[in-house]
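A.B. asks: Input structure: input.tsv, which contains TSV, N, CA and C atoms.
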chain	number	residue	atom	x	y	z
I	304	TYR	N	-29.74	-139.06	111.98
I	304	TYR	CA	-29.45	-137.94	111.10
I	304	TYR	C	-28.01	-137.50	111.25
I	305	ARG	N	-27.57	-137.36	112.46
I	305	ARG	CA	-26.21	-136.84	112.69
I	305	ARG	C	-25.13	-137.80	112.23
I	306	TYR	N	-25.47	-139.08	112.07
I	306	TYR	CA	-24.48	-140.06	111.65
I	306	TYR	C	-24.43	-140.24	110.14
I	307	LEU	N	-25.29	-139.54	109.44
I	307	LEU	CA	-25.30	-139.62	107.98
I	307	LEU	C	-24.22	-138.71	107.39
I	308	GLY	N	-23.77	-139.07	106.22
I	308	GLY	CA	-22.83	-138.21	105.51
I	308	GLY	C	-23.56	-136.98	104.97
I	309	PRO	N	-22.82	-135.98	104.50
I	309	PRO	CA	-23.44	-134.74	104.02
I	309	PRO	C	-24.50	-134.93	102.94
I	310	GLU	N	-24.23	-135.82	102.00
I	310	GLU	CA	-25.20	-136.05	100.92
I	310	GLU	C	-26.48	-136.69	101.45
I	311	ALA	N	-26.33	-137.67	102.31
I	311	ALA	CA	-27.50	-138.33	102.90
I	311	ALA	C	-28.25	-137.38	103.82
I	312	GLN	N	-27.54	-136.51	104.54
I	312	GLN	CA	-28.21	-135.51	105.38
I	312	GLN	C	-29.06	-134.57	104.55
I	313	ALA	N	-28.51	-134.13	103.43
I	313	ALA	CA	-29.26	-133.23	102.55
I	313	ALA	C	-30.51	-133.92	102.01
I	314	GLU	N	-30.37	-135.18	101.61
I	314	GLU	CA	-31.52	-135.93	101.10
I	314	GLU	C	-32.57	-136.12	102.19
I	315	TYR	N	-32.12	-136.46	103.39
I	315	TYR	CA	-33.03	-136.64	104.52
I	315	TYR	C	-33.76	-135.32	104.83
I	316	ALA	N	-33.02	-134.23	104.85
I	316	ALA	CA	-33.62	-132.93	105.15
I	316	ALA	C	-34.68	-132.57	104.13
I	317	GLU	N	-34.42	-132.86	102.87
I	317	GLU	CA	-35.39	-132.56	101.82
I	317	GLU	C	-36.64	-133.42	101.96
I	318	LEU	N	-36.46	-134.69	102.26
I	318	LEU	CA	-37.62	-135.57	102.47
I	318	LEU	C	-38.43	-135.13	103.68
I	319	ARG	N	-37.73	-134.72	104.72
I	319	ARG	CA	-38.41	-134.25	105.92
I	319	ARG	C	-39.22	-132.97	105.65
I	320	ARG	N	-38.62	-132.05	104.89
I	320	ARG	CA	-39.35	-130.82	104.53
I	320	ARG	C	-40.57	-131.15	103.69
I	321	ALA	N	-40.41	-132.04	102.70
I	321	ALA	CA	-41.53	-132.41	101.84
I	321	ALA	C	-42.64	-133.07	102.65
I	322	ASN	N	-42.27	-133.93	103.58
I	322	ASN	CA	-43.25	-134.60	104.44
I	322	ASN	C	-44.00	-133.58	105.30
I	323	GLU	N	-43.27	-132.63	105.87
I	323	GLU	CA	-43.92	-131.61	106.69
I	323	GLU	C	-44.87	-130.74	105.86
I	324	LEU	N	-44.45	-130.37	104.66
I	324	LEU	CA	-45.31	-129.56	103.79
I	324	LEU	C	-46.57	-130.33	103.39
I	325	LEU	N	-46.43	-131.61	103.10
I	325	LEU	CA	-47.59	-132.43	102.76
I	325	LEU	C	-48.55	-132.51	103.94
I	326	MET	N	-48.03	-132.80	105.11
I	326	MET	CA	-48.87	-132.90	106.30
I	326	MET	C	-49.53	-131.55	106.61
I	327	ARG	N	-48.77	-130.47	106.47
I	327	ARG	CA	-49.34	-129.14	106.74
I	327	ARG	C	-50.47	-128.83	105.76
I	328	SER	N	-50.31	-129.25	104.50
I	328	SER	CA	-51.37	-128.98	103.52
I	328	SER	C	-52.64	-129.77	103.87
I	329	VAL	N	-52.48	-130.99	104.38
I	329	VAL	CA	-53.63	-131.78	104.80
I	329	VAL	C	-54.32	-131.12	105.99
I	330	VAL	N	-53.54	-130.69	106.97
I	330	VAL	CA	-54.10	-130.03	108.15
I	330	VAL	C	-54.78	-128.71	107.75
I	331	THR	N	-54.15	-127.94	106.90
I	331	THR	CA	-54.72	-126.65	106.46
I	331	THR	C	-56.03	-126.86	105.71
I	332	ARG	N	-56.02	-127.79	104.75
I	332	ARG	CA	-57.25	-128.06	103.99
I	332	ARG	C	-58.35	-128.60	104.91
I	333	GLY	N	-57.99	-129.46	105.83
I	333	GLY	CA	-58.97	-129.98	106.76
I	333	GLY	C	-59.57	-128.89	107.62
I	334	ALA	N	-58.74	-127.95	108.05
I	334	ALA	CA	-59.24	-126.82	108.86
I	334	ALA	C	-60.14	-125.92	108.02
I	335	GLU	N	-59.74	-125.68	106.79
I	335	GLU	CA	-60.56	-124.83	105.91
I	335	GLU	C	-61.92	-125.46	105.61
I	336	GLN	N	-61.97	-126.78	105.57
I	336	GLN	CA	-63.21	-127.50	105.27
I	336	GLN	C	-64.01	-127.83	106.53
I	337	GLY	N	-63.50	-127.43	107.69
I	337	GLY	CA	-64.20	-127.68	108.94
I	337	GLY	C	-64.03	-129.08	109.50
I	338	VAL	N	-63.09	-129.85	108.94
I	338	VAL	CA	-62.84	-131.20	109.43
I	338	VAL	C	-62.04	-131.15	110.72
I	339	PHE	N	-61.08	-130.22	110.80
I	339	PHE	CA	-60.24	-130.05	111.98
I	339	PHE	C	-60.46	-128.65	112.54
I	340	VAL	N	-60.27	-128.52	113.84
I	340	VAL	CA	-60.27	-127.22	114.49
I	340	VAL	C	-58.85	-126.98	114.96
I	341	VAL	N	-58.15	-126.07	114.28
I	341	VAL	CA	-56.77	-125.78	114.64
I	341	VAL	C	-56.57	-124.27	114.67
I	342	ASP	N	-55.77	-123.82	115.62
I	342	ASP	CA	-55.44	-122.41	115.71
I	342	ASP	C	-54.30	-122.07	114.75
I	343	ASP	N	-53.37	-123.00	114.60
I	343	ASP	CA	-52.17	-122.75	113.81
I	343	ASP	C	-51.78	-124.05	113.09
I	344	PRO	N	-52.07	-124.15	111.79
I	344	PRO	CA	-51.77	-125.39	111.07
I	344	PRO	C	-50.30	-125.81	111.14
I	345	ALA	N	-49.38	-124.87	111.11
I	345	ALA	CA	-47.95	-125.22	111.17
I	345	ALA	C	-47.60	-125.82	112.52
I	346	GLU	N	-48.11	-125.23	113.59
I	346	GLU	CA	-47.83	-125.75	114.94
I	346	GLU	C	-48.49	-127.10	115.14
I	347	THR	N	-49.72	-127.25	114.67
I	347	THR	CA	-50.42	-128.52	114.77
I	347	THR	C	-49.67	-129.61	114.01
I	348	THR	N	-49.18	-129.27	112.82
I	348	THR	CA	-48.40	-130.22	112.02
I	348	THR	C	-47.15	-130.66	112.76
I	349	ARG	N	-46.43	-129.71	113.34
I	349	ARG	CA	-45.21	-130.07	114.10
I	349	ARG	C	-45.54	-130.98	115.28
I	350	ALA	N	-46.65	-130.70	115.96
I	350	ALA	CA	-47.04	-131.53	117.10
I	350	ALA	C	-47.39	-132.95	116.66
I	351	LEU	N	-48.15	-133.07	115.59
I	351	LEU	CA	-48.52	-134.40	115.10
I	351	LEU	C	-47.30	-135.17	114.62
I	352	LEU	N	-46.43	-134.51	113.86
I	352	LEU	CA	-45.22	-135.19	113.38
I	352	LEU	C	-44.31	-135.61	114.54
I	353	GLY	N	-44.19	-134.76	115.53
I	353	GLY	CA	-43.38	-135.11	116.70
I	353	GLY	C	-43.94	-136.31	117.43
I	354	MET	N	-45.25	-136.35	117.56
I	354	MET	CA	-45.90	-137.47	118.22
I	354	MET	C	-45.63	-138.77	117.44
I	355	LEU	N	-45.74	-138.71	116.13
I	355	LEU	CA	-45.54	-139.89	115.30
I	355	LEU	C	-44.07	-140.32	115.27
I	356	GLN	N	-43.17	-139.37	115.20
I	356	GLN	CA	-41.74	-139.69	115.15
I	356	GLN	C	-41.25	-140.32	116.45
I	357	ALA	N	-41.92	-140.02	117.54
I	357	ALA	CA	-41.51	-140.56	118.84
I	357	ALA	C	-41.76	-142.06	118.95
I	358	ILE	N	-42.66	-142.59	118.15
I	358	ILE	CA	-42.98	-144.02	118.23
I	358	ILE	C	-41.71	-144.86	118.07
I	359	ALA	N	-40.85	-144.48	117.17
I	359	ALA	CA	-39.63	-145.26	116.91
I	359	ALA	C	-38.73	-145.33	118.13
I	360	ARG	N	-38.86	-144.38	119.04
I	360	ARG	CA	-38.01	-144.37	120.25
I	360	ARG	C	-38.48	-145.37	121.30
I	361	TRP	N	-39.78	-145.63	121.35
I	361	TRP	CA	-40.27	-146.47	122.44
I	361	TRP	C	-40.88	-147.80	121.99
I	362	TYR	N	-41.28	-147.91	120.73
I	362	TYR	CA	-41.97	-149.13	120.31
I	362	TYR	C	-41.00	-150.31	120.19
I	363	HIS	N	-41.45	-151.46	120.69
I	363	HIS	CA	-40.70	-152.72	120.56
I	363	HIS	C	-41.67	-153.80	120.09
I	364	GLU	N	-41.24	-154.61	119.15
I	364	GLU	CA	-42.10	-155.69	118.64
I	364	GLU	C	-42.54	-156.63	119.76
I	365	SER	N	-41.71	-156.77	120.77
I	365	SER	CA	-42.04	-157.68	121.87
I	365	SER	C	-42.95	-157.02	122.91
I	366	GLY	N	-43.32	-155.76	122.67
I	366	GLY	CA	-44.18	-155.05	123.61
I	366	GLY	C	-45.62	-155.52	123.56
I	367	SER	N	-46.45	-154.87	124.32
I	367	SER	CA	-47.84	-155.31	124.46
I	367	SER	C	-48.75	-154.86	123.33
I	368	LEU	N	-48.28	-153.92	122.48
I	368	LEU	CA	-49.13	-153.40	121.41
I	368	LEU	C	-48.61	-153.82	120.04
I	369	THR	N	-49.53	-154.16	119.16
I	369	THR	CA	-49.17	-154.43	117.77
I	369	THR	C	-49.05	-153.08	117.04
I	370	PRO	N	-48.42	-153.06	115.88
I	370	PRO	CA	-48.38	-151.80	115.12
I	370	PRO	C	-49.78	-151.25	114.83
I	371	ALA	N	-50.72	-152.11	114.54
I	371	ALA	CA	-52.09	-151.65	114.27
I	371	ALA	C	-52.72	-151.01	115.52
I	372	GLU	N	-52.44	-151.59	116.68
I	372	GLU	CA	-52.98	-151.02	117.92
I	372	GLU	C	-52.35	-149.67	118.23
I	373	VAL	N	-51.06	-149.54	117.99
I	373	VAL	CA	-50.40	-148.25	118.18
I	373	VAL	C	-51.02	-147.21	117.25
I	374	ALA	N	-51.18	-147.58	115.99
I	374	ALA	CA	-51.77	-146.66	115.02
I	374	ALA	C	-53.16	-146.22	115.46
I	375	GLN	N	-53.98	-147.16	115.89
I	375	GLN	CA	-55.34	-146.82	116.31
I	375	GLN	C	-55.34	-145.91	117.53
I	376	ARG	N	-54.47	-146.17	118.47
I	376	ARG	CA	-54.40	-145.31	119.66
I	376	ARG	C	-53.99	-143.88	119.30
I	377	TYR	N	-53.05	-143.76	118.38
I	377	TYR	CA	-52.61	-142.42	117.98
I	377	TYR	C	-53.70	-141.69	117.19
I	378	VAL	N	-54.42	-142.40	116.37
I	378	VAL	CA	-55.57	-141.80	115.68
I	378	VAL	C	-56.59	-141.35	116.71
I	379	ASP	N	-56.89	-142.23	117.65
I	379	ASP	CA	-57.87	-141.89	118.69
I	379	ASP	C	-57.44	-140.66	119.49
I	380	MET	N	-56.16	-140.60	119.86
I	380	MET	CA	-55.67	-139.43	120.61
I	380	MET	C	-55.81	-138.15	119.80
I	381	SER	N	-55.47	-138.21	118.54
I	381	SER	CA	-55.55	-137.03	117.69
I	381	SER	C	-56.99	-136.59	117.51
I	382	LEU	N	-57.88	-137.54	117.29
I	382	LEU	CA	-59.29	-137.20	117.11
I	382	LEU	C	-59.92	-136.76	118.41
I	383	ALA	N	-59.49	-137.31	119.54
I	383	ALA	CA	-60.02	-136.88	120.84
I	383	ALA	C	-59.69	-135.41	121.07
I	384	ASP	N	-58.50	-134.99	120.68
I	384	ASP	CA	-58.13	-133.58	120.81
I	384	ASP	C	-59.05	-132.71	119.96
I	385	GLU	N	-59.35	-133.17	118.75
I	385	GLU	CA	-60.27	-132.42	117.89
I	385	GLU	C	-61.66	-132.36	118.49
I	386	ALA	N	-62.12	-133.47	119.06
I	386	ALA	CA	-63.46	-133.49	119.68
I	386	ALA	C	-63.51	-132.51	120.85
I	387	TRP	N	-62.45	-132.45	121.64
I	387	TRP	CA	-62.39	-131.54	122.77
I	387	TRP	C	-62.46	-130.09	122.29
I	388	LYS	N	-61.75	-129.77	121.22
I	388	LYS	CA	-61.78	-128.41	120.69
I	388	LYS	C	-63.18	-128.05	120.22
I	389	ARG	N	-63.87	-128.97	119.58
I	389	ARG	CA	-65.24	-128.72	119.12
I	389	ARG	C	-66.18	-128.53	120.30
I	390	PHE	N	-65.99	-129.31	121.35
I	390	PHE	CA	-66.82	-129.21	122.54
I	390	PHE	C	-66.69	-127.84	123.18
I	391	LYS	N	-65.47	-127.31	123.21
I	391	LYS	CA	-65.23	-126.01	123.86
I	391	LYS	C	-65.82	-124.87	123.06
I	392	MET	N	-66.09	-125.07	121.77
I	392	MET	CA	-66.58	-123.98	120.92
I	392	MET	C	-67.95	-123.56	121.32
Would you write the structure of this file as structure tokens?
C.D. replies:
Amino acid sequence: YRYLGPEAQAEYAELRRANELLMRSVVTRGAEQGVFVVDDPAETTRALLGMLQAIARWYHESGSLTPAEVAQRYVDMSLADEAWKRFKM
């Protein structure tokens, strides 16, 4: 981001905002429908996006996990958190 020119930074920022709003709407609707248990949809959205964005920092094609395996593990981690919240209720 910091290495982009002003125009590209503005475009990136807009795409990032749109992505966050879309994800937040999914989390909010899921919570309203009882699919997710969340205290704060905005905070949950930031946590999920941060978790997903971090993949680019550590993932290597030569590593032990395929992209599909990474995706499945992250889905499992997210759903495990939801299961734990339901258990505590």
A.B. asks: For the atom pair atom C of Gly353 in chain I and CA of Arg305 in chain I, what is the interatomic distance in Å to one decimal place?
C.D. replies: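 A separation of 18.4 Å between them.
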A.B. asks: Which one is closest to Phe339 in chain I: I:Leu382, I:Ala313, I:Ala359, I:Leu352? Count only C-alpha atoms.
C.D. replies: I:Leu382
A.B. asks: Which residues are near range 323-331 of chain I? Cut-off 6.5 Å, all atoms listed in the file, ignore same chain within fewer than 6 positions. Put them as a VMD selection string.
C.D. replies: chain I and resid 344 to 345 348
A.B. asks: What is the distance, in Å and to one decimal place, between CA of Arg332 in chain I and CA of Ala350 in chain I?
C.D. replies: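 Taking CA of Arg332 in chain I as the start and CA of Ala350 in chain I as the end point, the length is 17.0 Å.
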A.B. asks: Give me, please, the distance in Å between atom N of Val341 in chain I and atom N of Tyr362 in chain I, quoted to one decimal.
C.D. replies: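 Here the two named atoms are 28.3 Å from each other.
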A.B. asks: With all atoms listed in the file as the basis for distance, which of I:Tyr315, I:Tyr377, I:Gly308, I:Pro370 is at the shortest distance from Leu355 in chain I?
C.D. replies: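 Among the listed residues, the smallest separation from Leu355 in chain I belongs to I:Tyr377.
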A.B. asks: If you run DSSP on the backbone, which residues of chain I are helix (DSSP H, G or I), as a ChimeraX atom specification?
C.D. replies: /I:309-335,344-361,370-391
